[in-house]
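So the structure is just underneath, and the comments pick up after that.
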Number of protein chains: 4
Amino acid sequence: MDKNCIIRIDSPDEKGLIYKITKILYENNLNIVSNGEYVDNETNHFFMRTEISGDFDNDKIYNEIKSILPENAKIKFSKPEKKRVVLLATKEHHCLGDLLIKNQYNEFNIEILAVISNYSSLKDLVDKFNIPFITISHENLEREDHEKLIIEKIKELNPEYIVLAKYMRILTPTFVSAFPEEIINIHHSFLPAFIGANPYKQAYERGVKLIGATSHFVNNDLDDGPIITQEVISINHTYNAQTMRKAGQEVEKIVLAKALKLVFEERVFLNNNKTIIL
Amino acid sequence: MDKNCIIRIDSPDEKGLIYKITKILYENNLNIVSNGEYVDNETNHFFMRTEISGDFDNDKIYNEIKSILPENAKIKFSKPEKKRVVLLATKEHHCLGDLLIKNQYNEFNIEILAVISNYSSLKDLVDKFNIPFITISHENLEREDHEKLIIEKIKELNPEYIVLAKYMRILTPTFVSAFPEEIINIHHSFLPAFIGANPYKQAYERGVKLIGATSHFVNNDLDDGPIITQEVISINHTYNAQTMRKAGQEVEKIVLAKALKLVFEERVFLNNNKTIIL
Amino acid sequence: MDKNCIIRIDSPDEKGLIYKITKILYENNLNIVSNGEYVDNETNHFFMRTEISGDFDNDKIYNEIKSILPENAKIKFSKPEKKRVVLLATKEHHCLGDLLIKNQYNEFNIEILAVISNYSSLKDLVDKFNIPFITISHENLEREDHEKLIIEKIKELNPEYIVLAKYMRILTPTFVSAFPEEIINIHHSFLPAFIGANPYKQAYERGVKLIGATSHFVNNDLDDGPIITQEVISINHTYNAQTMRKAGQEVEKIVLAKALKLVFEERVFLNNNKTIIL
Amino acid sequence: MDKNCIIRIDSPDEKGLIYKITKILYENNLNIVSNGEYVDNETNHFFMRTEISGDFDNDKIYNEIKSILPENAKIKFSKPEKKRVVLLATKEHHCLGDLLIKNQYNEFNIEILAVISNYSSLKDLVDKFNIPFITISHENLEREDHEKLIIEKIKELNPEYIVLAKYMRILTPTFVSAFPEEIINIHHSFLPAFIGANPYKQAYERGVKLIGATSHFVNNDLDDGPIITQEVISINHTYNAQTMRKAGQEVEKIVLAKALKLVFEERVFLNNNKTIIL
């Protein structure tokens with residue numbers, strides 16, 4: 001029976017890769033529904049995302065492709081099941097609410113395993129959607145001890161991705177390295193402007209005419225991971241830090257949702273500190 | 001000696017096209033510098049743009065590719081020479097001026113053969129850049145007779161593309177069919193809104209909050225050809241038709257330049273009344 | 001005790017209006033927190049929105065201002081109470097969901113009296129937020145009879161504004177004239193492009209490179225009322241009508257929320273078929 | 001005989017300023033063509049821009065307004081003559097070319113007194129427009145000595161504004177303080193991101209998905225003066241620093257032209273390190 005599958009390839013570049021890969025697909029009688037590839041000349045690296053349809057045996061195709069690629073190439077076949085996702089939040093409802101509604105109507109192919117927060121104020125909202133809400137307060141805890149509790153809970157839930165939907169605490173390298181390439185954040189500025197705390201206050205004080213939001217993978221350096229999407233909106237002199245924050249939340253919501261859509265559709269590749277989007 | 005070349009393929013779709021084409025490139029020891037392809041499911045049509053480098057014989061590659069494609073497929077190898085272009089204008093300087101300056105600094109890989117206008121008011125501007133300026137007045141002439149003079153002049157100049165850089169006269173089907181798929185226009189609205197004359201007046205009367213511009217190939221139906229690029233800018237209630245026109249000219253300039261860059265880089269394919277941009 | 005109030009004035013223009021109005025405010029010892037005015041030269045009409053603070057008697061200020069304005073001027077003092085709003089929807093959740101969450105967190109100064117729909121599919125969503133959901137099916141009913149039921153229900157609820165949050169039925173002039181200047185719609189195109197049904201299908205067929213949304217007051221002509229806000233997003237040849245619809249819903253959501261914020265903050269004035277936004 | 005005039009007021013705030021100013025205009029029988037005012041609550045400062053028409057004596061109106069304003073208020077009546085402007089450039093033609101064409105068609109109400117450059121490569125372009133081109137090479141000169149020559153030349157030309165149309169040398173505090181509030185720059189990033197040299201290289205290395213440009217007044221801190229306008233465009237992983245630079249130049253051109261339009265229309269007020277735009 002025919003099925004659809006997305007194959008992602010991330011490999012050192014070599015002459016003939018597209019030819020060799022499409023040869024396998026052709027000889028296995030598969031259709032290419034859509035195809036994108038990119039070679040980064042600086043890193044001499046090859047990225048490919050191919051959506052195929054046909055009647056095929058994953059393992060056979062996987063092994064044939066593996067056999068023609070350089071040794072350290074990565075190949076990923078997208079699973080048909082929903083991706084397992086854990087959301088972290090603090091007190092702001094706008095990104096979380098948008099994701100809960102989108103999830104309710106299956107706009108992402110995901111299962112939200114739980115929302116974890118260091119406060120309980122968003123419990124009412126999350127309860128409406130019958131998603132488990134777990135409060136892990138940071139009160140009276142050292143940062144490391146608080147994180148340890150969250151890490152434990154996440155490991156128990158075993159998600160594929162962790163989405164920081166306005167989780168307003170800085171993550172330690174320990175946390176980040178526990179979930180490499182799995183954590184996606186929304187930062188409330190057009191990075192690298194206004195790194196760190198209170199970007200809207202910083203933006204107000206600088207007198208910018210644009211504010212924005214950035215969704216990125218989280219790595220060890222604060223606000224410095226590979227950027228997935230960014231957008232800005234125009235503001236003017238009548239905005240203060242508070243009205244910027246309100247206006248900015250609309251962009252944050254949009255930017256995070258766009259980034260997640262790209263990630264969940266298997267379109268985002270990491271290329272050192274950058275993303276390739278196919 | 002190595003050279004670079006862009007190959008464009010426009011063909012009915014068949015299984016294995018990417019494989020068969022990249023096989024030829026691989027076996028001729030060519031590098032794929034960049035590659036894009038797209039299959040339109042509605043028309044079941046395949047489009048491909050591949051930039052290759054290597055030491056090769058155009059005719060050999062062309063014939064090998066031709067031999068594996070469906071019979072009515074189109075293949076184009078980009079020529080290394082500058083594209084020959086004729087500009088038509090009327091009285092407005094903004095698009096024309098931008099193109100003249102870009103051309104002066106070789107920002108497009110083109111040769112402007114001449115600027116033809118139905119008025120002489122832009123002569124001073126064009127003369128500064130040592131481009132032939134040809135006035136073909138429409139005064140006392142029937143539309144067809146005026147067009148005949150322009151067609152003759154263009155045929156004499158023999159351009160690859162004709163750019164209407166705010167040429168404010170409606171072209172007859174005779175004119176358009178004399179240069180099929182070669183005429184690019186900039187229309188001062190976000191088509192299909194405000195087709196026809198005075199789009200800014202129409203926009204003012206409708207009270208829109210956005211105005212825009214559209215660059216498109218010209219076909220027989222007025223303002224109805226395949227769209228290449230469009231952009232809009234925000235306006236508000238303080239704008240009248242005249243200030244909209246001034247604001248809009250900045251967008252027209254940008255949109256036309258973007259469209260031409262795409263066309264001259266061989267990125268734009270026609271797919272019935274739409275464009276595919278690779 | 002000091003209070004804040006927004007005064008809106010909508011009057012035929014005369015020399016000295018700003019002076020005469022601010023004189024009254026000054027002599028009553030009121031602070032102008034913010035102030036905007038606009039004179040439309042075409043209609044010779046004056047619009048003013050002034051936010052004042054101080055200890056004052058509404059009626060006294062109202063009467064003093066009335067006494068110095070032309071006879072048919074309109075003056076409105078914003079009420080401190082929440083605005084009463086009824087939402088109409090059909091089957092799409094995206095605009096409705098966004099408004100429900102914003103309302104839950106008091107982002108608009110409104111009370112949602114009820115959501116009325118011609119289907120019951122959105123009941124689950126609305127129930128989560130403890131807002132009355134009223135299904136008034138159009139099945140087996142003439143358009144006029146169906147509308148009559150809705151009009152009755154709305155009259156009973158007595159809202160200040162009716163928001164069509166993707167209500168997908170055409171309103172008759174009877175309906176519209178029952179609630180003059182009170183109905184706000186979100187249309188899924190950048191009007192006046194793609195008026196009428198299936199704008200995304202129309203957009204796909206036309207091959208546009210931008211899609212958008214328009215929020216407007218509803219008057220008797222379909223999709224032809226005064227525009228409040230519009231936005232667009234870029235698309236490309238890979239979109240079909242269905243993926244345009246999904247992408248467009250994000251814009252619809254944003255545009256409707258922006259328009260409502262402006263209206264609920266008393267910033268939008270009607271000027272024949274246009275809006276003035278102060 | 002009736003004339004038009006723009007009055008700019010920049011004053012510590014006090015209750016009744018709008019009333020007192022419009023009273024003078026009313027009693028002198030002047031029409032207010034357009035009016036904008038803004039009070040910055042943080043600095044408690046009042047800004048007003050009023051365009052008036054009528055038959056009046058500048059000095060009389062000026063003195064009457066002065067008499068009712070706080071002592072350290074600033075009042076400026078726009079002069080009907082063209083503003084005198086000097087442009088500084090280095091080697092890039094895009095901003096300069098755009099301004100030269102706009103100036104040729106009187107799109108700004110300015111007179112370009114001269115273009116000064118540290119290289120002679122733009123001479124050909126400037127000569128086309130019959131604007132004096134002055135090369136002041138920095139070769140074999142200390143920064144201070146080179147600047148001294150430029151300062152001397154500018155003082156001799158005596159402009160109202162100095163526009164840095166991609167002048168790629170850092171100005172010393174001596175230069176900046178010689179022309180306070182008169183120097184307008186275009187910076188090729190969305191400040192405060194990528195301050196300093198090679199912003200496109202920085203942007204490439206950071207992997208941003210937006211690049212932009214910022215026009216700002218120049219003060220003593222590099223890239224840190226009050227921002228007038230900013231815009232961004234989307235880019236993706238296929239851009240390198242060089243193609244970003246090309247794409248960014250289109251935005252730089254647009255942003256600088258917008259900022260200059262606002263400044264030359266007397267719409268921009270300085271409020272410490274920010275701008276108020278009325």
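How things are named: the first chain in the structure tokens is A, the next is B, and so on; residues count from 1 in each chain; ligands count from 1 in the order shown.
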
Give me, as CSV, each residue of chain C that comes within 8 Å of chain B, together with its shortest interatomic pair and the distance in Å at one decimal, counting only C-alpha atoms, with rows ordered by chain and rising residue number.
residue,atom,partner,partner_atom,distance
C:Leu191,CA,B:Ala193,CA,7.3
C:Pro192,CA,B:Ala193,CA,5.6
C:Ala193,CA,B:Ala193,CA,4.5
C:Phe194,CA,B:Pro192,CA,7.7
C:Arg206,CA,B:Lys274,CA,7.1
C:Gly207,CA,B:Lys274,CA,4.9
C:Val208,CA,B:Ile227,CA,6.2
C:Lys209,CA,B:Gln230,CA,6.0
C:Leu210,CA,B:Gln230,CA,6.6
C:Pro226,CA,B:Gly207,CA,6.9
C:Ile227,CA,B:Val208,CA,6.2
C:Ile228,CA,B:Lys209,CA,7.5
C:Thr229,CA,B:Lys209,CA,6.2
C:Gln230,CA,B:Lys209,CA,6.0
C:Glu231,CA,B:Leu210,CA,7.4
C:Val232,CA,B:Val232,CA,7.9
C:Asn236,CA,B:Ile277,CA,7.8
C:His237,CA,B:Ile276,CA,5.5
C:Asn273,CA,B:Gly207,CA,7.0
C:Lys274,CA,B:Gly207,CA,4.9
C:Thr275,CA,B:His237,CA,7.0
C:Ile276,CA,B:His237,CA,5.5
C:Ile277,CA,B:His237,CA,7.1

* Asked: Could you name the residues that touch D:Met48 at 6 Å or less, counting only C-alpha atoms, but leaving out those on the same chain fewer than 5 positions away, as a ChimeraX atom specification?
  -> /D:8-9,36-37

Write down as a compact mmCIF listing (two decimals) with all heavy atoms, in the first residue's frame the residues of stretch 17-121 of chain A whose backbone DSSP state falls under alpha helix (DSSP H).
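result-v6.txt written:
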# COMPACT_ATOMS: atom_id res chain seq x y z
N LEU A 17 25.70 13.30 -5.12
CA LEU A 17 24.78 12.82 -4.09
C LEU A 17 23.33 12.82 -4.55
O LEU A 17 22.61 11.85 -4.32
CB LEU A 17 24.91 13.66 -2.81
CG LEU A 17 26.18 13.44 -1.98
CD1 LEU A 17 26.12 14.26 -0.70
CD2 LEU A 17 26.35 11.96 -1.65
N ILE A 18 22.91 13.90 -5.20
CA ILE A 18 21.51 13.94 -5.65
C ILE A 18 21.25 12.79 -6.63
O ILE A 18 20.25 12.08 -6.52
CB ILE A 18 21.17 15.28 -6.34
CG1 ILE A 18 21.46 16.45 -5.41
CG2 ILE A 18 19.70 15.30 -6.77
CD1 ILE A 18 21.24 17.80 -6.06
N TYR A 19 22.17 12.62 -7.53
CA TYR A 19 22.04 11.53 -8.51
C TYR A 19 21.93 10.17 -7.82
O TYR A 19 21.03 9.37 -8.11
CB TYR A 19 23.24 11.57 -9.48
CG TYR A 19 23.57 10.25 -10.09
CD1 TYR A 19 22.62 9.58 -10.88
CD2 TYR A 19 24.80 9.64 -9.89
CE1 TYR A 19 22.92 8.34 -11.44
CE2 TYR A 19 25.10 8.42 -10.45
CZ TYR A 19 24.15 7.76 -11.22
OH TYR A 19 24.43 6.54 -11.75
N LYS A 20 22.84 9.92 -6.88
CA LYS A 20 22.86 8.59 -6.25
C LYS A 20 21.61 8.35 -5.41
O LYS A 20 21.09 7.22 -5.36
CB LYS A 20 24.11 8.46 -5.37
CG LYS A 20 25.41 8.40 -6.19
CD LYS A 20 26.63 8.46 -5.28
CE LYS A 20 27.91 8.55 -6.10
NZ LYS A 20 29.08 8.85 -5.23
N ILE A 21 21.14 9.40 -4.73
CA ILE A 21 19.95 9.24 -3.90
C ILE A 21 18.71 9.05 -4.77
O ILE A 21 17.89 8.16 -4.53
CB ILE A 21 19.79 10.45 -2.95
CG1 ILE A 21 20.97 10.48 -1.95
CG2 ILE A 21 18.46 10.39 -2.20
CD1 ILE A 21 21.14 11.82 -1.26
N THR A 22 18.55 9.90 -5.79
CA THR A 22 17.35 9.80 -6.62
C THR A 22 17.36 8.50 -7.45
O THR A 22 16.31 7.98 -7.80
CB THR A 22 17.19 11.03 -7.55
OG1 THR A 22 18.39 11.21 -8.31
CG2 THR A 22 16.92 12.29 -6.74
N LYS A 23 18.56 8.00 -7.72
CA LYS A 23 18.66 6.69 -8.40
C LYS A 23 18.00 5.60 -7.56
O LYS A 23 17.20 4.79 -8.05
CB LYS A 23 20.14 6.37 -8.63
CG LYS A 23 20.45 5.05 -9.34
CD LYS A 23 21.94 4.99 -9.66
CE LYS A 23 22.29 3.86 -10.62
NZ LYS A 23 22.36 2.56 -9.98
N ILE A 24 18.30 5.62 -6.26
CA ILE A 24 17.69 4.62 -5.37
C ILE A 24 16.17 4.78 -5.35
O ILE A 24 15.43 3.80 -5.44
CB ILE A 24 18.28 4.76 -3.94
CG1 ILE A 24 19.76 4.38 -3.96
CG2 ILE A 24 17.49 3.93 -2.93
CD1 ILE A 24 20.52 4.77 -2.71
N LEU A 25 15.73 6.01 -5.27
CA LEU A 25 14.29 6.25 -5.22
C LEU A 25 13.63 5.77 -6.52
O LEU A 25 12.58 5.14 -6.52
CB LEU A 25 13.99 7.74 -4.99
CG LEU A 25 14.61 8.34 -3.71
CD1 LEU A 25 14.27 9.83 -3.60
CD2 LEU A 25 14.15 7.59 -2.46
N TYR A 26 14.30 6.07 -7.63
CA TYR A 26 13.77 5.69 -8.94
C TYR A 26 13.72 4.18 -9.09
O TYR A 26 12.71 3.61 -9.52
CB TYR A 26 14.63 6.32 -10.03
CG TYR A 26 14.18 5.99 -11.43
CD1 TYR A 26 12.97 6.49 -11.93
CD2 TYR A 26 14.96 5.19 -12.26
CE1 TYR A 26 12.56 6.19 -13.22
CE2 TYR A 26 14.55 4.89 -13.55
CZ TYR A 26 13.35 5.39 -14.03
OH TYR A 26 12.94 5.10 -15.30
N GLU A 27 14.80 3.53 -8.72
CA GLU A 27 14.88 2.08 -8.90
C GLU A 27 13.95 1.32 -7.96
O GLU A 27 13.63 0.16 -8.19
CB GLU A 27 16.33 1.61 -8.75
CG GLU A 27 17.17 2.14 -9.91
CD GLU A 27 18.65 1.77 -9.81
OE1 GLU A 27 19.07 1.31 -8.75
OE2 GLU A 27 19.36 1.96 -10.82
N ASN A 58 10.83 0.78 4.59
CA ASN A 58 11.72 1.81 5.16
C ASN A 58 13.16 1.32 5.29
O ASN A 58 14.10 2.01 4.90
CB ASN A 58 11.26 2.20 6.57
CG ASN A 58 10.24 3.32 6.55
OD1 ASN A 58 9.65 3.60 5.51
ND2 ASN A 58 10.03 3.94 7.69
N ASP A 59 13.32 0.16 5.89
CA ASP A 59 14.68 -0.30 6.19
C ASP A 59 15.50 -0.52 4.93
O ASP A 59 16.69 -0.17 4.89
CB ASP A 59 14.62 -1.62 6.98
CG ASP A 59 14.15 -1.38 8.41
OD1 ASP A 59 14.02 -0.18 8.80
OD2 ASP A 59 13.88 -2.36 9.12
N LYS A 60 14.86 -1.09 3.92
CA LYS A 60 15.56 -1.31 2.66
C LYS A 60 16.06 0.02 2.07
O LYS A 60 17.23 0.16 1.72
CB LYS A 60 14.61 -2.03 1.69
CG LYS A 60 15.19 -2.28 0.30
CD LYS A 60 14.27 -3.20 -0.51
CE LYS A 60 14.84 -3.52 -1.88
NZ LYS A 60 14.83 -2.41 -2.81
N ILE A 61 15.14 0.99 1.98
CA ILE A 61 15.52 2.29 1.41
C ILE A 61 16.61 2.93 2.27
O ILE A 61 17.61 3.45 1.76
CB ILE A 61 14.29 3.23 1.33
CG1 ILE A 61 13.15 2.59 0.54
CG2 ILE A 61 14.68 4.59 0.74
CD1 ILE A 61 13.43 2.41 -0.92
N TYR A 62 16.40 2.89 3.57
CA TYR A 62 17.36 3.49 4.50
C TYR A 62 18.76 2.91 4.26
O TYR A 62 19.73 3.64 4.13
CB TYR A 62 16.90 3.23 5.94
CG TYR A 62 17.79 3.85 6.99
CD1 TYR A 62 17.50 5.11 7.51
CD2 TYR A 62 18.93 3.19 7.45
CE1 TYR A 62 18.31 5.69 8.47
CE2 TYR A 62 19.76 3.76 8.40
CZ TYR A 62 19.45 5.01 8.92
OH TYR A 62 20.26 5.58 9.86
N ASN A 63 18.82 1.60 4.20
CA ASN A 63 20.13 0.96 4.05
C ASN A 63 20.76 1.24 2.69
O ASN A 63 21.97 1.45 2.59
CB ASN A 63 20.00 -0.55 4.30
CG ASN A 63 19.77 -0.82 5.77
OD1 ASN A 63 20.26 -0.09 6.64
ND2 ASN A 63 18.99 -1.86 6.07
N GLU A 64 19.94 1.25 1.67
CA GLU A 64 20.50 1.57 0.35
C GLU A 64 21.07 2.99 0.33
O GLU A 64 22.16 3.22 -0.22
CB GLU A 64 19.42 1.42 -0.74
CG GLU A 64 19.04 -0.04 -1.01
CD GLU A 64 18.12 -0.18 -2.22
OE1 GLU A 64 18.13 0.71 -3.10
OE2 GLU A 64 17.39 -1.19 -2.28
N ILE A 65 20.31 3.93 0.92
CA ILE A 65 20.82 5.32 0.94
C ILE A 65 22.08 5.40 1.79
O ILE A 65 23.08 5.99 1.41
CB ILE A 65 19.73 6.30 1.44
CG1 ILE A 65 18.58 6.38 0.42
CG2 ILE A 65 20.31 7.69 1.67
CD1 ILE A 65 17.41 7.24 0.85
N LYS A 66 22.02 4.76 2.95
CA LYS A 66 23.19 4.78 3.85
C LYS A 66 24.45 4.28 3.12
O LYS A 66 25.53 4.86 3.28
CB LYS A 66 22.90 3.90 5.07
CG LYS A 66 23.96 3.97 6.15
CD LYS A 66 23.37 4.00 7.56
CE LYS A 66 24.40 4.50 8.58
NZ LYS A 66 24.70 5.95 8.46
N SER A 67 24.25 3.27 2.30
CA SER A 67 25.41 2.64 1.67
C SER A 67 26.11 3.56 0.66
O SER A 67 27.29 3.37 0.36
CB SER A 67 24.98 1.35 0.96
OG SER A 67 24.24 1.67 -0.21
N ILE A 68 25.41 4.55 0.14
CA ILE A 68 26.05 5.41 -0.87
C ILE A 68 26.48 6.76 -0.27
O ILE A 68 27.07 7.59 -0.97
CB ILE A 68 25.15 5.64 -2.10
CG1 ILE A 68 23.78 6.23 -1.70
CG2 ILE A 68 24.92 4.34 -2.87
CD1 ILE A 68 23.69 7.70 -1.75
N HIS A 94 -0.10 34.07 26.03
CA HIS A 94 -0.37 34.28 24.62
C HIS A 94 0.20 33.18 23.71
O HIS A 94 -0.51 32.68 22.84
CB HIS A 94 0.09 35.67 24.18
CG HIS A 94 1.53 35.94 24.42
ND1 HIS A 94 2.05 36.14 25.67
CD2 HIS A 94 2.57 36.03 23.57
CE1 HIS A 94 3.36 36.35 25.57
NE2 HIS A 94 3.69 36.29 24.31
N CYS A 95 1.46 32.81 23.89
CA CYS A 95 2.00 31.74 23.04
C CYS A 95 1.35 30.41 23.41
O CYS A 95 0.95 29.63 22.53
CB CYS A 95 3.51 31.64 23.20
SG CYS A 95 4.40 32.98 22.40
N LEU A 96 1.24 30.17 24.69
CA LEU A 96 0.67 28.90 25.15
C LEU A 96 -0.77 28.74 24.65
O LEU A 96 -1.14 27.68 24.12
CB LEU A 96 0.70 28.88 26.69
CG LEU A 96 0.22 27.59 27.33
CD1 LEU A 96 1.09 26.41 26.92
CD2 LEU A 96 0.21 27.73 28.87
N GLY A 97 -1.57 29.77 24.81
CA GLY A 97 -2.97 29.70 24.39
C GLY A 97 -3.08 29.40 22.90
O GLY A 97 -3.90 28.58 22.47
N ASP A 98 -2.25 30.06 22.12
CA ASP A 98 -2.27 29.84 20.67
C ASP A 98 -1.92 28.38 20.34
O ASP A 98 -2.57 27.75 19.50
CB ASP A 98 -1.27 30.79 20.01
CG ASP A 98 -1.39 30.82 18.50
OD1 ASP A 98 -2.51 30.99 17.99
OD2 ASP A 98 -0.37 30.65 17.82
N LEU A 99 -0.92 27.84 21.02
CA LEU A 99 -0.53 26.46 20.75
C LEU A 99 -1.61 25.48 21.21
O LEU A 99 -1.87 24.47 20.55
CB LEU A 99 0.80 26.13 21.44
CG LEU A 99 2.01 26.95 20.99
CD1 LEU A 99 3.27 26.50 21.73
CD2 LEU A 99 2.22 26.86 19.48
N LEU A 100 -2.25 25.77 22.33
CA LEU A 100 -3.30 24.88 22.83
C LEU A 100 -4.47 24.81 21.85
O LEU A 100 -5.01 23.74 21.58
CB LEU A 100 -3.78 25.34 24.21
CG LEU A 100 -2.77 25.14 25.36
CD1 LEU A 100 -3.26 25.85 26.62
CD2 LEU A 100 -2.51 23.66 25.63
N ILE A 101 -4.85 25.96 21.34
CA ILE A 101 -5.96 25.97 20.38
C ILE A 101 -5.55 25.28 19.08
O ILE A 101 -6.27 24.45 18.54
CB ILE A 101 -6.47 27.40 20.13
CG1 ILE A 101 -7.22 27.86 21.38
CG2 ILE A 101 -7.37 27.45 18.89
CD1 ILE A 101 -8.04 29.09 21.23
N LYS A 102 -4.37 25.59 18.59
CA LYS A 102 -3.90 24.92 17.37
C LYS A 102 -3.86 23.40 17.59
O LYS A 102 -4.21 22.62 16.70
CB LYS A 102 -2.51 25.41 16.99
CG LYS A 102 -2.49 26.78 16.35
CD LYS A 102 -1.12 27.07 15.74
CE LYS A 102 -1.19 28.13 14.67
NZ LYS A 102 -1.51 29.46 15.18
N ASN A 103 -3.40 22.98 18.75
CA ASN A 103 -3.30 21.56 19.04
C ASN A 103 -4.69 20.93 19.12
O ASN A 103 -4.92 19.82 18.61
CB ASN A 103 -2.56 21.37 20.36
CG ASN A 103 -2.39 19.90 20.69
OD1 ASN A 103 -1.77 19.17 19.94
ND2 ASN A 103 -2.97 19.47 21.80
N GLN A 104 -5.61 21.65 19.72
CA GLN A 104 -6.99 21.15 19.83
C GLN A 104 -7.56 20.82 18.45
O GLN A 104 -8.36 19.91 18.29
CB GLN A 104 -7.83 22.26 20.51
CG GLN A 104 -9.31 22.00 20.60
CD GLN A 104 -9.66 21.10 21.77
OE1 GLN A 104 -8.80 20.75 22.58
NE2 GLN A 104 -10.92 20.69 21.85

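In this structure, atom CA of A:Phe175 sits 6.8 Å away from atom CA of A:Glu147.
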
* Asked: Pick the closest to B:Leu270 from B:Lys201, B:His93, B:His216, B:Lys15: which is it, counting only C-alpha atoms?
  ->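 The shortest atom-to-atom distance to B:Leu270 comes from B:His216.
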
* For atom CA of D:Ser120 and atom CA of D:Gln242, quote the distance in Å rounded to one decimal. => 23.2 Å

So which residues touch C:Ile7 within 6 Å, counting only C-alpha atoms, skipping near sequence neighbours fewer than 2 positions away, as a compact mmCIF listing (two decimals) with C-alpha atoms, in the first residue's frame?
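The result, written out as around-v5.txt:
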# COMPACT_ATOMS: atom_id res chain seq x y z
CA ARG C 49 -10.16 61.99 19.98
CA THR C 50 -8.97 63.36 23.28
CA LYS C 76 -19.24 60.70 22.45
CA PHE C 77 -17.82 60.18 25.92

* **Distance query D:Phe56 at most 9 Å, only C-alpha atoms, self and fewer than 3 positions along chain excluded, as a ChimeraX atom specification** => /D:1-3,28-30,53,59-61

* To do: Figure out the distance between atom CA of B:Val126 and atom CA of B:Gln249, please, to one decimal in Å.
  => 18.6 Å

* From stretch 69-233 of chain C, collect each residue whose DSSP state is strand (DSSP E or B) and return the set as JSON, numbers by chain. => {"C": [74, 75, 76, 77, 83, 84, 85, 86, 87, 88, 89, 110, 111, 112, 113, 114, 115, 116, 117, 133, 134, 135, 161, 162, 163, 164, 183, 184, 185, 186, 187, 210, 211, 212, 213, 214, 215, 216, 217, 227, 228, 229, 230, 231, 232, 233]}

Would you mind exporting the chosen residues as a tab-separated table (two decimals), in the first residue's frame, restricted to C-alpha atoms?
chain	number	residue	atom	x	y	z
C	74	LYS	CA	-21.54	64.20	17.25
C	75	ILE	CA	-19.88	63.97	20.65
C	76	LYS	CA	-19.24	60.70	22.45
C	77	PHE	CA	-17.82	60.18	25.92
C	83	LYS	CA	-18.28	47.15	25.91
C	84	ARG	CA	-20.94	44.53	25.27
C	85	VAL	CA	-20.09	42.37	22.26
C	86	VAL	CA	-21.74	39.48	20.41
C	87	LEU	CA	-19.62	37.22	18.21
C	88	LEU	CA	-20.92	35.39	15.16
C	89	ALA	CA	-19.01	32.44	13.77
C	110	ILE	CA	-15.24	43.88	26.54
C	111	GLU	CA	-17.83	41.45	27.75
C	112	ILE	CA	-18.65	38.70	25.24
C	113	LEU	CA	-22.38	38.22	25.70
C	114	ALA	CA	-22.60	35.17	23.47
C	115	VAL	CA	-21.23	33.40	20.44
C	116	ILE	CA	-23.92	32.71	17.86
C	117	SER	CA	-23.26	30.18	15.12
C	133	PHE	CA	-22.93	29.44	22.76
C	134	ILE	CA	-26.12	29.70	20.76
C	135	THR	CA	-26.67	27.56	17.68
C	161	TYR	CA	-20.80	45.73	18.66
C	162	ILE	CA	-21.33	42.56	16.59
C	163	VAL	CA	-18.13	40.87	15.47
C	164	LEU	CA	-18.24	38.46	12.54
C	183	ILE	CA	-20.94	45.18	12.67
C	184	ILE	CA	-17.25	44.39	12.16
C	185	ASN	CA	-16.15	41.68	9.75
C	186	ILE	CA	-12.93	39.92	8.86
C	187	HIS	CA	-12.62	39.16	5.17
C	210	LEU	CA	0.68	38.03	-1.55
C	211	ILE	CA	-2.43	37.01	0.32
C	212	GLY	CA	-4.08	39.03	3.04
C	213	ALA	CA	-7.00	39.85	5.23
C	214	THR	CA	-9.17	42.90	5.74
C	215	SER	CA	-11.23	43.92	8.74
C	216	HIS	CA	-14.02	46.32	7.92
C	217	PHE	CA	-17.34	47.67	9.07
C	227	ILE	CA	-11.80	49.27	5.99
C	228	ILE	CA	-10.23	49.35	9.45
C	229	THR	CA	-7.06	47.28	9.00
C	230	GLN	CA	-5.43	45.13	6.34
C	231	GLU	CA	-2.34	43.01	6.24
C	232	VAL	CA	-0.71	40.65	3.79
C	233	ILE	CA	1.84	37.86	3.85

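Distance annotation: of C:Arg143, C:Lys155, C:Phe47, C:Ala165, the residue with the minimal separation from C:Ala259 is C:Ala165; atom set is only C-alpha atoms.
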